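Visitor: I am sharing entry_21.pdb, which consists of PDB, C-alpha atoms:
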```
ATOM      1  CA  MET A 177     -22.896 -24.917   8.835
ATOM      2  CA  GLU A 178     -20.301 -24.382   6.144
ATOM      3  CA  GLY A 179     -20.629 -20.625   6.452
ATOM      4  CA  GLU A 180     -20.013 -20.820  10.198
ATOM      5  CA  LEU A 181     -16.926 -22.973   9.671
ATOM      6  CA  ALA A 182     -15.686 -20.378   7.188
ATOM      7  CA  HIS A 183     -16.015 -17.722   9.885
ATOM      8  CA  ILE A 184     -13.979 -19.844  12.311
ATOM      9  CA  GLY A 185     -11.398 -20.316   9.566
ATOM     10  CA  ALA A 186     -11.278 -16.580   8.995
ATOM     11  CA  GLY A 187     -10.635 -16.050  12.683
ATOM     12  CA  LEU A 188      -7.849 -18.630  12.614
ATOM     13  CA  ALA A 189      -6.340 -16.961   9.554
ATOM     14  CA  ALA A 190      -6.242 -13.700  11.501
ATOM     15  CA  ILE A 191      -3.629 -15.313  13.792
ATOM     16  CA  GLY A 192      -1.272 -14.847  10.859
ATOM     17  CA  SER A 193      -1.563 -11.097  11.303
ATOM     18  CA  GLY A 194      -0.186 -11.516  14.795
ATOM     19  CA  ALA A 195       2.719 -13.530  13.436
ATOM     20  CA  ALA A 196       3.427 -10.760  10.937
ATOM     21  CA  ALA A 197       3.338  -8.286  13.825
ATOM     22  CA  ILE A 198       6.096 -10.282  15.551
ATOM     23  CA  GLY A 199       8.142 -10.172  12.352
ATOM     24  CA  VAL A 200       7.683  -6.444  11.843
ATOM     25  CA  GLY A 201       8.494  -5.813  15.494
ATOM     26  CA  ASN A 202      11.666  -7.869  15.118
ATOM     27  CA  VAL A 203      12.810  -5.834  12.128
ATOM     28  CA  ALA A 204      12.032  -2.473  13.706
ATOM     29  CA  GLY A 205      13.449  -3.446  17.090
ATOM     30  CA  ASN A 206      16.714  -4.665  15.647
ATOM     31  CA  PHE A 207      16.947  -1.542  13.519
ATOM     32  CA  LEU A 208      16.493   0.624  16.598
ATOM     33  CA  ALA A 209      19.071  -1.372  18.539
ATOM     34  CA  GLY A 210      21.553  -0.937  15.704
ATOM     35  CA  ALA A 211      20.636   2.710  15.202
ATOM     36  CA  LEU A 212      21.272   3.544  18.845
ATOM     37  CA  ARG A 213      24.712   1.933  18.672
ATOM     38  CA  ASN A 214      25.655   3.871  15.556
ATOM     39  CA  PRO A 215      23.253   6.796  15.074
ATOM     40  CA  SER A 216      25.294   8.296  12.238
ATOM     41  CA  ALA A 217      24.652   5.251  10.029
ATOM     42  CA  ALA A 218      20.951   5.054  10.874
ATOM     43  CA  ALA A 219      19.667   7.653   8.426
ATOM     44  CA  SER A 220      21.165   5.878   5.437
ATOM     45  CA  GLN A 221      19.430   2.631   6.362
ATOM     46  CA  THR A 222      15.817   3.778   6.724
ATOM     47  CA  ALA A 223      15.040   2.616   3.172
ATOM     48  CA  THR A 224      16.336  -0.859   4.062
ATOM     49  CA  LEU A 225      14.209  -0.750   7.197
ATOM     50  CA  PHE A 226      11.042  -0.113   5.232
ATOM     51  CA  ILE A 227      11.878  -2.765   2.649
ATOM     52  CA  GLY A 228      12.445  -5.272   5.468
ATOM     53  CA  ILE A 229       9.189  -4.303   7.128
ATOM     54  CA  ALA A 230       7.351  -4.582   3.813
ATOM     55  CA  PHE A 231       8.669  -8.089   3.180
ATOM     56  CA  ALA A 232       7.859  -9.219   6.717
ATOM     57  CA  GLU A 233       4.412  -7.768   6.354
ATOM     58  CA  ALA A 234       3.735  -9.392   2.983
ATOM     59  CA  LEU A 235       3.268 -12.837   4.524
ATOM     60  CA  GLY A 236       0.891 -11.462   7.128
ATOM     61  CA  ILE A 237      -1.068  -9.922   4.287
ATOM     62  CA  PHE A 238      -1.598 -13.368   2.774
ATOM     63  CA  SER A 239      -3.304 -14.540   5.949
ATOM     64  CA  PHE A 240      -5.419 -11.402   5.844
ATOM     65  CA  LEU A 241      -6.274 -12.270   2.250
ATOM     66  CA  VAL A 242      -7.272 -15.799   3.270
ATOM     67  CA  ALA A 243      -9.475 -14.342   6.001
ATOM     68  CA  LEU A 244     -11.127 -11.982   3.515
ATOM     69  CA  LEU A 245     -11.697 -14.809   1.030
ATOM     70  CA  LEU A 246     -13.254 -16.994   3.714
ATOM     71  CA  MET A 247     -15.489 -14.155   4.885
ATOM     72  CA  PHE A 248     -16.734 -12.906   1.534
ATOM     73  CA  ALA A 249     -15.869 -15.359  -1.238
ATOM     74  CA  VAL A 250     -16.581 -18.827   0.213
TER
ATOM     75  CA  MET B  47     -18.154  -7.080  -0.421
ATOM     76  CA  ALA B  48     -19.938  -4.444   1.602
ATOM     77  CA  SER B  49     -23.337  -5.215   0.119
ATOM     78  CA  GLU B  50     -22.967  -8.789   1.298
ATOM     79  CA  ALA B  51     -22.032  -7.605   4.763
ATOM     80  CA  HIS B  52     -25.174  -5.494   4.729
ATOM     81  CA  GLY B  53     -27.414  -8.517   4.581
ATOM     82  CA  GLU B  54     -26.053  -9.924   7.837
ATOM     83  CA  GLU B  55     -26.487  -8.789  11.398
ATOM     84  CA  THR B  56     -24.683  -5.521  11.998
ATOM     85  CA  GLY B  57     -23.934  -6.494  15.599
ATOM     86  CA  GLY B  58     -25.734  -3.575  17.273
ATOM     87  CA  LEU B  59     -23.732  -0.862  15.490
ATOM     88  CA  VAL B  60     -25.672   2.033  13.990
ATOM     89  CA  PHE B  61     -23.856   1.518  10.690
ATOM     90  CA  HIS B  62     -21.626  -1.175   9.310
ATOM     91  CA  PRO B  63     -17.906  -0.262   9.350
ATOM     92  CA  MET B  64     -17.629  -1.414   5.731
ATOM     93  CA  ASP B  65     -20.422   0.918   4.548
ATOM     94  CA  GLN B  66     -17.901   3.626   3.707
ATOM     95  CA  PHE B  67     -16.419   1.501   0.919
ATOM     96  CA  ILE B  68     -19.636   1.032  -1.093
ATOM     97  CA  VAL B  69     -19.284   2.116  -4.705
ATOM     98  CA  LYS B  70     -22.298   4.270  -5.629
ATOM     99  CA  PRO B  71     -23.189   6.047  -8.866
ATOM    100  CA  LEU B  72     -22.682   9.785  -8.482
ATOM    101  CA  PHE B  73     -25.907  10.694 -10.283
ATOM    102  CA  GLY B  74     -29.098   8.708  -9.725
ATOM    103  CA  ASP B  75     -29.349   5.209  -8.224
ATOM    104  CA  GLY B  76     -28.861   3.037 -11.297
ATOM    105  CA  ALA B  77     -26.692  -0.059 -11.437
ATOM    106  CA  VAL B  78     -22.930   0.409 -11.612
ATOM    107  CA  SER B  79     -21.614  -0.611 -15.015
ATOM    108  CA  MET B  80     -18.246  -0.227 -16.729
ATOM    109  CA  PHE B  81     -18.519   3.493 -17.512
ATOM    110  CA  THR B  82     -20.808   4.709 -14.722
ATOM    111  CA  ILE B  83     -19.460   7.813 -13.013
ATOM    112  CA  THR B  84     -19.243   6.735  -9.381
ATOM    113  CA  ASN B  85     -17.850   8.211  -6.190
ATOM    114  CA  VAL B  86     -14.634   6.300  -6.965
ATOM    115  CA  THR B  87     -14.352   8.148 -10.279
ATOM    116  CA  LEU B  88     -14.874  11.468  -8.512
ATOM    117  CA  TRP B  89     -12.203  10.917  -5.869
ATOM    118  CA  LEU B  90      -9.716   9.410  -8.308
ATOM    119  CA  ALA B  91     -10.163  12.475 -10.496
ATOM    120  CA  LEU B  92      -9.844  14.773  -7.473
ATOM    121  CA  SER B  93      -6.523  13.216  -6.468
ATOM    122  CA  VAL B  94      -5.217  13.610 -10.035
ATOM    123  CA  VAL B  95      -6.357  17.250 -10.049
ATOM    124  CA  ALA B  96      -4.723  17.823  -6.650
ATOM    125  CA  VAL B  97      -1.399  16.431  -7.883
ATOM    126  CA  ILE B  98      -1.538  18.594 -11.019
ATOM    127  CA  LEU B  99      -2.443  21.680  -8.976
ATOM    128  CA  LEU B 100       0.452  21.141  -6.584
ATOM    129  CA  MET B 101       3.105  20.247  -9.140
ATOM    130  CA  VAL B 102       2.123  22.505 -12.071
ATOM    131  CA  LEU B 103       0.806  25.578 -10.284
ATOM    132  CA  GLY B 104       3.273  25.202  -7.441
ATOM    133  CA  THR B 105       6.327  25.261  -9.650
ATOM    134  CA  SER B 106       4.970  27.528 -12.415
ATOM    135  CA  ARG B 107       6.385  30.743 -10.921
ATOM    136  CA  ARG B 108       9.834  29.208 -10.463
ATOM    137  CA  ALA B 109      10.763  31.685  -7.770
ATOM    138  CA  THR B 110      14.348  31.688  -6.509
ATOM    139  CA  ILE B 111      12.985  31.943  -2.999
ATOM    140  CA  PRO B 112      10.200  29.350  -3.087
ATOM    141  CA  GLY B 113       6.822  30.042  -1.558
ATOM    142  CA  ARG B 114       4.916  27.486   0.492
ATOM    143  CA  THR B 115       3.407  25.558  -2.428
ATOM    144  CA  GLN B 116       6.656  25.544  -4.363
ATOM    145  CA  SER B 117       8.552  24.335  -1.295
ATOM    146  CA  VAL B 118       6.218  21.372  -0.906
ATOM    147  CA  ALA B 119       6.462  20.530  -4.612
ATOM    148  CA  GLU B 120      10.258  20.758  -4.526
ATOM    149  CA  LEU B 121      10.451  18.696  -1.345
ATOM    150  CA  ALA B 122       8.321  15.947  -2.898
ATOM    151  CA  TYR B 123      10.395  16.012  -6.076
ATOM    152  CA  GLY B 124      13.690  15.816  -4.198
ATOM    153  CA  PHE B 125      12.397  13.109  -1.864
ATOM    154  CA  VAL B 126      11.315  10.780  -4.676
ATOM    155  CA  TYR B 127      14.351  11.568  -6.829
ATOM    156  CA  LYS B 128      16.720  10.657  -4.007
ATOM    157  CA  MET B 129      14.754   7.473  -3.340
ATOM    158  CA  VAL B 130      14.994   6.371  -6.994
ATOM    159  CA  GLU B 131      18.705   7.181  -7.103
ATOM    160  CA  ASP B 132      19.544   5.459  -3.806
ATOM    161  CA  VAL B 133      17.426   2.330  -4.140
ATOM    162  CA  ALA B 134      17.153   1.640  -7.872
ATOM    163  CA  GLY B 135      20.512   3.045  -8.912
ATOM    164  CA  LYS B 136      21.679   5.936 -11.088
ATOM    165  CA  ASP B 137      20.655   4.261 -14.359
ATOM    166  CA  ALA B 138      17.054   3.972 -13.182
ATOM    167  CA  VAL B 139      16.634   7.749 -13.172
ATOM    168  CA  GLY B 140      14.893   7.430 -16.556
ATOM    169  CA  PHE B 141      11.979   5.866 -14.705
ATOM    170  CA  PHE B 142      11.760   8.752 -12.264
ATOM    171  CA  PRO B 143       8.680  10.378 -13.916
ATOM    172  CA  TYR B 144       6.732   7.132 -13.599
ATOM    173  CA  ILE B 145       7.724   6.555  -9.978
ATOM    174  CA  MET B 146       7.059  10.186  -9.082
ATOM    175  CA  THR B 147       3.579   9.908 -10.626
ATOM    176  CA  LEU B 148       2.886   6.726  -8.678
ATOM    177  CA  PHE B 149       4.028   8.249  -5.383
ATOM    178  CA  MET B 150       2.148  11.532  -5.756
ATOM    179  CA  PHE B 151      -1.031   9.791  -6.879
ATOM    180  CA  ILE B 152      -1.047   7.301  -3.997
ATOM    181  CA  VAL B 153      -0.127   9.915  -1.406
ATOM    182  CA  PHE B 154      -2.927  12.215  -2.546
ATOM    183  CA  ALA B 155      -5.471   9.398  -2.852
ATOM    184  CA  ASN B 156      -4.608   8.316   0.704
ATOM    185  CA  PHE B 157      -4.730  11.812   2.186
ATOM    186  CA  LEU B 158      -7.940  12.782   0.365
ATOM    187  CA  GLY B 159      -9.466   9.605   1.752
ATOM    188  CA  LEU B 160      -8.730  10.854   5.261
ATOM    189  CA  ILE B 161     -11.046  13.845   4.831
ATOM    190  CA  PRO B 162     -14.260  13.024   6.706
ATOM    191  CA  MET B 163     -17.144  11.938   4.436
ATOM    192  CA  SER B 164     -14.776  11.413   1.530
ATOM    193  CA  PHE B 165     -14.165   8.163  -0.296
ATOM    194  CA  THR B 166     -10.851   6.323  -0.016
ATOM    195  CA  THR B 167     -10.039   5.085  -3.499
ATOM    196  CA  THR B 168      -6.888   3.212  -2.462
ATOM    197  CA  SER B 169      -8.955   1.066  -0.077
ATOM    198  CA  HIS B 170     -10.303  -0.795  -3.103
ATOM    199  CA  PHE B 171      -8.299  -3.712  -4.420
ATOM    200  CA  ALA B 172      -9.441  -2.874  -7.955
ATOM    201  CA  VAL B 173      -7.518   0.420  -7.795
ATOM    202  CA  THR B 174      -4.319  -0.906  -6.222
ATOM    203  CA  VAL B 175      -4.225  -4.077  -8.327
ATOM    204  CA  VAL B 176      -4.158  -1.952 -11.486
ATOM    205  CA  LEU B 177      -1.257   0.078 -10.071
ATOM    206  CA  ALA B 178       0.630  -3.045  -9.005
ATOM    207  CA  MET B 179       0.020  -4.905 -12.274
ATOM    208  CA  LEU B 180       1.323  -1.887 -14.159
ATOM    209  CA  VAL B 181       4.491  -1.948 -12.060
ATOM    210  CA  PHE B 182       4.805  -5.713 -12.541
ATOM    211  CA  LEU B 183       4.398  -5.518 -16.332
ATOM    212  CA  THR B 184       6.771  -2.539 -16.591
ATOM    213  CA  VAL B 185       9.429  -4.309 -14.559
ATOM    214  CA  THR B 186       9.117  -7.578 -16.485
ATOM    215  CA  ILE B 187       9.194  -5.903 -19.900
ATOM    216  CA  VAL B 188      12.087  -3.625 -18.926
ATOM    217  CA  GLY B 189      13.968  -6.622 -17.566
ATOM    218  CA  PHE B 190      13.646  -8.577 -20.803
ATOM    219  CA  VAL B 191      14.308  -5.568 -23.046
ATOM    220  CA  LYS B 192      17.433  -4.469 -21.162
ATOM    221  CA  ASN B 193      18.941  -7.890 -20.409
ATOM    222  CA  GLY B 194      17.361 -10.296 -22.872
ATOM    223  CA  THR B 195      17.437 -13.878 -21.627
ATOM    224  CA  LYS B 196      19.958 -12.897 -18.947
ATOM    225  CA  PHE B 197      16.961 -11.570 -17.015
ATOM    226  CA  LEU B 198      16.118 -15.202 -16.208
ATOM    227  CA  GLY B 199      19.327 -15.230 -14.148
ATOM    228  CA  LEU B 200      17.186 -13.538 -11.521
ATOM    229  CA  PHE B 201      15.677 -16.977 -10.845
ATOM    230  CA  TRP B 202      18.955 -18.917 -11.115
ATOM    231  CA  VAL B 203      20.902 -18.047  -7.967
ATOM    232  CA  ALA B 204      24.482 -18.503  -9.147
ATOM    233  CA  SER B 205      25.992 -18.062  -5.677
ATOM    234  CA  ALA B 206      24.117 -21.069  -4.217
ATOM    235  CA  PRO B 207      25.388 -24.687  -4.388
ATOM    236  CA  LEU B 208      24.381 -26.406  -7.637
ATOM    237  CA  ALA B 209      22.132 -28.984  -5.961
ATOM    238  CA  LEU B 210      20.106 -26.236  -4.280
ATOM    239  CA  ARG B 211      19.625 -24.092  -7.369
ATOM    240  CA  PRO B 212      16.538 -25.821  -8.874
ATOM    241  CA  VAL B 213      14.748 -25.587  -5.522
ATOM    242  CA  LEU B 214      15.721 -21.941  -5.166
ATOM    243  CA  ALA B 215      14.602 -21.316  -8.747
ATOM    244  CA  ILE B 216      11.097 -22.553  -7.923
ATOM    245  CA  ILE B 217      10.962 -20.393  -4.797
ATOM    246  CA  GLU B 218      12.257 -17.365  -6.716
ATOM    247  CA  ILE B 219       9.681 -17.838  -9.488
ATOM    248  CA  ILE B 220       6.832 -18.113  -6.980
ATOM    249  CA  SER B 221       8.032 -15.051  -5.108
ATOM    250  CA  TYR B 222       8.325 -13.159  -8.383
ATOM    251  CA  PHE B 223       4.747 -13.839  -9.400
ATOM    252  CA  VAL B 224       3.405 -13.180  -5.926
ATOM    253  CA  ARG B 225       4.872  -9.657  -6.029
ATOM    254  CA  PRO B 226       1.877  -7.916  -7.638
ATOM    255  CA  VAL B 227      -0.422  -9.656  -5.139
ATOM    256  CA  SER B 228       1.442  -8.548  -2.030
ATOM    257  CA  HIS B 229       2.243  -5.164  -3.583
ATOM    258  CA  SER B 230      -1.409  -4.303  -4.147
ATOM    259  CA  ILE B 231      -2.948  -5.926  -1.093
ATOM    260  CA  ARG B 232      -0.458  -4.267   1.259
ATOM    261  CA  LEU B 233      -1.657  -0.817   0.256
ATOM    262  CA  ALA B 234      -5.373  -1.596   0.027
ATOM    263  CA  GLY B 235      -5.378  -3.799   3.135
ATOM    264  CA  ASN B 236      -3.635  -1.254   5.341
ATOM    265  CA  VAL B 237      -5.794   1.647   4.219
ATOM    266  CA  MET B 238      -9.032  -0.326   4.369
ATOM    267  CA  ALA B 239      -8.313  -1.864   7.779
ATOM    268  CA  GLY B 240      -7.388   1.520   9.259
ATOM    269  CA  HIS B 241     -10.525   3.225   8.001
ATOM    270  CA  ALA B 242     -12.692   0.320   9.160
ATOM    271  CA  VAL B 243     -11.167   0.531  12.665
ATOM    272  CA  ILE B 244     -11.984   4.259  12.833
ATOM    273  CA  LYS B 245     -15.578   3.466  11.874
ATOM    274  CA  VAL B 246     -15.800   0.731  14.511
ATOM    275  CA  PHE B 247     -14.767   3.232  17.179
ATOM    276  CA  ALA B 248     -17.203   5.740  15.687
ATOM    277  CA  GLY B 249     -19.939   3.149  16.168
ATOM    278  CA  PHE B 250     -19.081   2.928  19.889
ATOM    279  CA  ALA B 251     -19.365   6.720  20.190
ATOM    280  CA  ALA B 252     -23.165   6.361  20.114
ATOM    281  CA  ILE B 253     -23.058   4.665  23.541
ATOM    282  CA  ALA B 254     -22.949   7.457  26.134
ATOM    283  CA  VAL B 255     -20.767   5.641  28.708
ATOM    284  CA  VAL B 256     -17.877   4.856  26.381
ATOM    285  CA  SER B 257     -18.158   7.828  24.023
ATOM    286  CA  PRO B 258     -15.289   9.896  25.593
ATOM    287  CA  VAL B 259     -12.951   6.896  25.301
ATOM    288  CA  SER B 260     -14.169   6.306  21.778
ATOM    289  CA  VAL B 261     -13.572   9.911  20.713
ATOM    290  CA  VAL B 262     -10.014   9.749  22.090
ATOM    291  CA  ALA B 263      -9.493   6.439  20.286
ATOM    292  CA  ILE B 264     -10.777   7.894  17.002
ATOM    293  CA  THR B 265      -8.378  10.825  17.340
ATOM    294  CA  ALA B 266      -5.445   8.519  18.060
ATOM    295  CA  MET B 267      -6.340   6.173  15.201
ATOM    296  CA  TYR B 268      -6.737   9.133  12.865
ATOM    297  CA  GLY B 269      -3.245  10.321  13.767
ATOM    298  CA  LEU B 270      -1.924   6.836  13.071
ATOM    299  CA  GLU B 271      -3.801   6.755   9.773
ATOM    300  CA  VAL B 272      -2.156  10.004   8.642
ATOM    301  CA  LEU B 273       1.175   8.292   9.292
ATOM    302  CA  VAL B 274       0.071   5.068   7.575
ATOM    303  CA  ALA B 275      -1.240   6.970   4.541
ATOM    304  CA  PHE B 276       2.234   8.388   3.943
ATOM    305  CA  ILE B 277       4.207   5.274   4.890
ATOM    306  CA  GLN B 278       2.172   2.989   2.636
ATOM    307  CA  ALA B 279       2.679   5.316  -0.334
ATOM    308  CA  TYR B 280       6.383   5.386   0.524
ATOM    309  CA  VAL B 281       6.552   1.589   0.805
ATOM    310  CA  PHE B 282       4.700   1.150  -2.494
ATOM    311  CA  THR B 283       7.161   3.411  -4.308
ATOM    312  CA  ILE B 284      10.257   2.018  -2.627
ATOM    313  CA  LEU B 285       9.226  -1.529  -3.559
ATOM    314  CA  THR B 286       8.710  -0.358  -7.123
ATOM    315  CA  CYS B 287      12.303   0.912  -7.005
ATOM    316  CA  VAL B 288      13.510  -2.425  -5.619
ATOM    317  CA  TYR B 289      11.730  -4.357  -8.360
ATOM    318  CA  LEU B 290      13.141  -1.967 -10.937
ATOM    319  CA  LYS B 291      16.638  -2.538  -9.602
ATOM    320  CA  ASP B 292      16.098  -6.290 -10.008
ATOM    321  CA  ALA B 293      15.038  -5.730 -13.605
ATOM    322  CA  LEU B 294      18.031  -3.547 -14.454
ATOM    323  CA  HIS B 295      20.616  -5.681 -12.639
ATOM    324  CA  PRO B 296      19.217  -9.230 -12.514
ATOM    325  CA  SER B 297      22.427 -10.932 -11.340
ATOM    326  CA  HIS B 298      22.405 -11.617  -7.615
TER
END
```
If you took the structure in this file and wrote it as structure tokens, what would it be?

Guide:
Amino acid sequence: MEGELAHIGAGLAAIGSGAAAIGVGNVAGNFLAGALRNPSAAASQTATLFIGIAFAEALGIFSFLVALLLMFAV
Amino acid sequence: MASEAHGEETGGLVFHPMDQFIVKPLFGDGAVSMFTITNVTLWLALSVVAVILLMVLGTSRRATIPGRTQSVAELAYGFVYKMVEDVAGKDAVGFFPYIMTLFMFIVFANFLGLIPMSFTTTSHFAVTVVLAMLVFLTVTIVGFVKNGTKFLGLFWVASAPLALRPVLAIIEIISYFVRPVSHSIRLAGNVMAGHAVIKVFAGFAAIAVVSPVSVVAITAMYGLEVLVAFIQAYVFTILTCVYLKDALHPSH
């Protein structure tokens, strides 16, 4: 029974990946909106874009980690 | 991880998508111990050899008009150098050899893992955690050596109102120590998930009705994985630069 509950928990933790997807989409979408308004400044900001994406993604990764722990460690 | 998954139902697939990540001894079938030469050892060594071949052989002729190999080596050098200079600052250029090594190693490990039947070393947390811990220790030691106790100012946000600062300090300390975790799991998680998805589609290819769709999906996912392999190496290095900048200039 406990193992099955852990699987349900892992599935619930995977929702966090979707939340991270919203965050990453927000960052990339806003970057694109800004880049289309001022294309000449876009190239200098790609590093910032990736840093922003990485930070948004980091929290999604924790939910992925929780899912992995529930699947294989509990 | 994968051996545990083996014991369960494989859900009708011919193979388990996690089978590709099993660490096996290269010679014989003995148990894997500390110094066993495994497939991980082989592919780690291959990526090191590939980097050396590209960078040493590629630039050894030092032609004024670069050939193909030299062009690639010079492009990679310039790309990473500019990244270090732009993100970490001019005084971080001393760390360029380390960051260049990190980038080239991860990029080659990722791309070698994309060769069919090969082993993706960066899909294992053990590999990426070592890389991330090394970055974390380097950054912490450099921070204390260069700034002394002023490095702790990184956690004491001077621009915030005084009442908020202790709360922010706790958050900053947590986020500082979580860095190696997110740094390593980002790389391994992305690479592992991508390869597992390709294998899941490959499992569907055995069913005749959906096999054309599956083959198209594998091709598309593979294209995405080529992109991800590069982007994750880029993100890993750029975050190293960001952390390094924090260590060199801890004031907010």

Visitor: Could you list as a ChimeraX atom specification every residue that has an atom within 12 Å of (-14.0, 9.7, 8.0), using the file's coordinates and counting all atoms listed in the file?

Guide: /B:63-67,156-166,238,240-248,264-265,267-268,271-272

Visitor: For a quick check of understanding, using all atoms listed in the file, which of B:Val173, B:Val126, B:Val203, B:Ala155 has the smallest distance to chain A?

Guide: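 Checking each candidate against chain A, we get B:Val126 as the closest.
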
Visitor: Expand the PyMOL selection byres ((chain B) within 10 of (chain A)) into the individual residues it matches in the shown file, reporting them as a list in words.

Guide: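 Going through the file, the PyMOL selection byres ((chain B) within 10 of (chain A)) ends up selecting Met47, Ala48, Glu50, Ala51, Met129, Asp132, Val133, Val224, Arg225, Val227, Ser228, His229, Ile231, Arg232, Leu233, Gly235, Asn236, Ile277, Gln278, Tyr280, Val281, Phe282, Ile284, Leu285 and Val288 of chain B.
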
Visitor: Rounded to one decimal in Å, what is the spacing between atom CA of B:Met101 and atom CA of B:Ala119?

Guide: 5.6 Å

Visitor: Work out how far atom CA of B:Thr184 is from atom CA of B:Phe141, in Å to one decimal.

Guide: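 About the pair atom CA of B:Phe141 and atom CA of B:Thr184: they are 10.1 Å apart.
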
Visitor: Rebuild stretch 223-239 of chain A so that it carries N, CA and C atoms, then output the result as an mmCIF file, in the coordinates of the input.

Guide:
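Below is the file selection_31.cif, written as the result:
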```cif
data_model
loop_
_atom_site.group_PDB
_atom_site.id
_atom_site.type_symbol
_atom_site.label_atom_id
_atom_site.label_comp_id
_atom_site.auth_asym_id
_atom_site.auth_seq_id
_atom_site.Cartn_x
_atom_site.Cartn_y
_atom_site.Cartn_z
ATOM 1 N N ALA A 223 15.665 3.261 4.329
ATOM 2 C CA ALA A 223 15.040 2.616 3.172
ATOM 3 C C ALA A 223 15.071 1.098 3.350
ATOM 4 N N THR A 224 16.220 0.581 3.807
ATOM 5 C CA THR A 224 16.336 -0.859 4.062
ATOM 6 C C THR A 224 15.340 -1.297 5.124
ATOM 7 N N LEU A 225 15.159 -0.434 6.128
ATOM 8 C CA LEU A 225 14.209 -0.750 7.197
ATOM 9 C C LEU A 225 12.817 -0.954 6.626
ATOM 10 N N PHE A 226 12.402 -0.010 5.755
ATOM 11 C CA PHE A 226 11.042 -0.113 5.232
ATOM 12 C C PHE A 226 10.896 -1.299 4.286
ATOM 13 N N ILE A 227 11.948 -1.595 3.529
ATOM 14 C CA ILE A 227 11.878 -2.765 2.649
ATOM 15 C C ILE A 227 11.731 -4.034 3.492
ATOM 16 N N GLY A 228 12.529 -4.111 4.577
ATOM 17 C CA GLY A 228 12.445 -5.272 5.468
ATOM 18 C C GLY A 228 11.072 -5.413 6.081
ATOM 19 N N ILE A 229 10.524 -4.272 6.529
ATOM 20 C CA ILE A 229 9.189 -4.303 7.128
ATOM 21 C C ILE A 229 8.170 -4.755 6.094
ATOM 22 N N ALA A 230 8.319 -4.239 4.858
ATOM 23 C CA ALA A 230 7.351 -4.582 3.813
ATOM 24 C C ALA A 230 7.377 -6.072 3.509
ATOM 25 N N PHE A 231 8.580 -6.659 3.472
ATOM 26 C CA PHE A 231 8.669 -8.089 3.180
ATOM 27 C C PHE A 231 8.121 -8.920 4.330
ATOM 28 N N ALA A 232 8.395 -8.485 5.572
ATOM 29 C CA ALA A 232 7.859 -9.219 6.717
ATOM 30 C C ALA A 232 6.343 -9.141 6.738
ATOM 31 N N GLU A 233 5.851 -7.984 6.314
ATOM 32 C CA GLU A 233 4.412 -7.768 6.354
ATOM 33 C C GLU A 233 3.687 -8.541 5.262
ATOM 34 N N ALA A 234 4.383 -8.775 4.144
ATOM 35 C CA ALA A 234 3.735 -9.392 2.983
ATOM 36 C C ALA A 234 3.103 -10.725 3.342
ATOM 37 N N LEU A 235 3.794 -11.505 4.194
ATOM 38 C CA LEU A 235 3.268 -12.837 4.524
ATOM 39 C C LEU A 235 2.075 -12.737 5.459
ATOM 40 N N GLY A 236 2.076 -11.692 6.302
ATOM 41 C CA GLY A 236 0.891 -11.462 7.128
ATOM 42 C C GLY A 236 -0.300 -11.076 6.276
ATOM 43 N N ILE A 237 0.000 -10.356 5.186
ATOM 44 C CA ILE A 237 -1.068 -9.922 4.287
ATOM 45 C C ILE A 237 -1.748 -11.120 3.638
ATOM 46 N N PHE A 238 -0.980 -12.197 3.391
ATOM 47 C CA PHE A 238 -1.598 -13.368 2.774
ATOM 48 C C PHE A 238 -2.623 -13.997 3.715
ATOM 49 N N SER A 239 -2.322 -13.989 5.017
ATOM 50 C CA SER A 239 -3.304 -14.540 5.949
ATOM 51 C C SER A 239 -4.542 -13.645 6.001
#
```
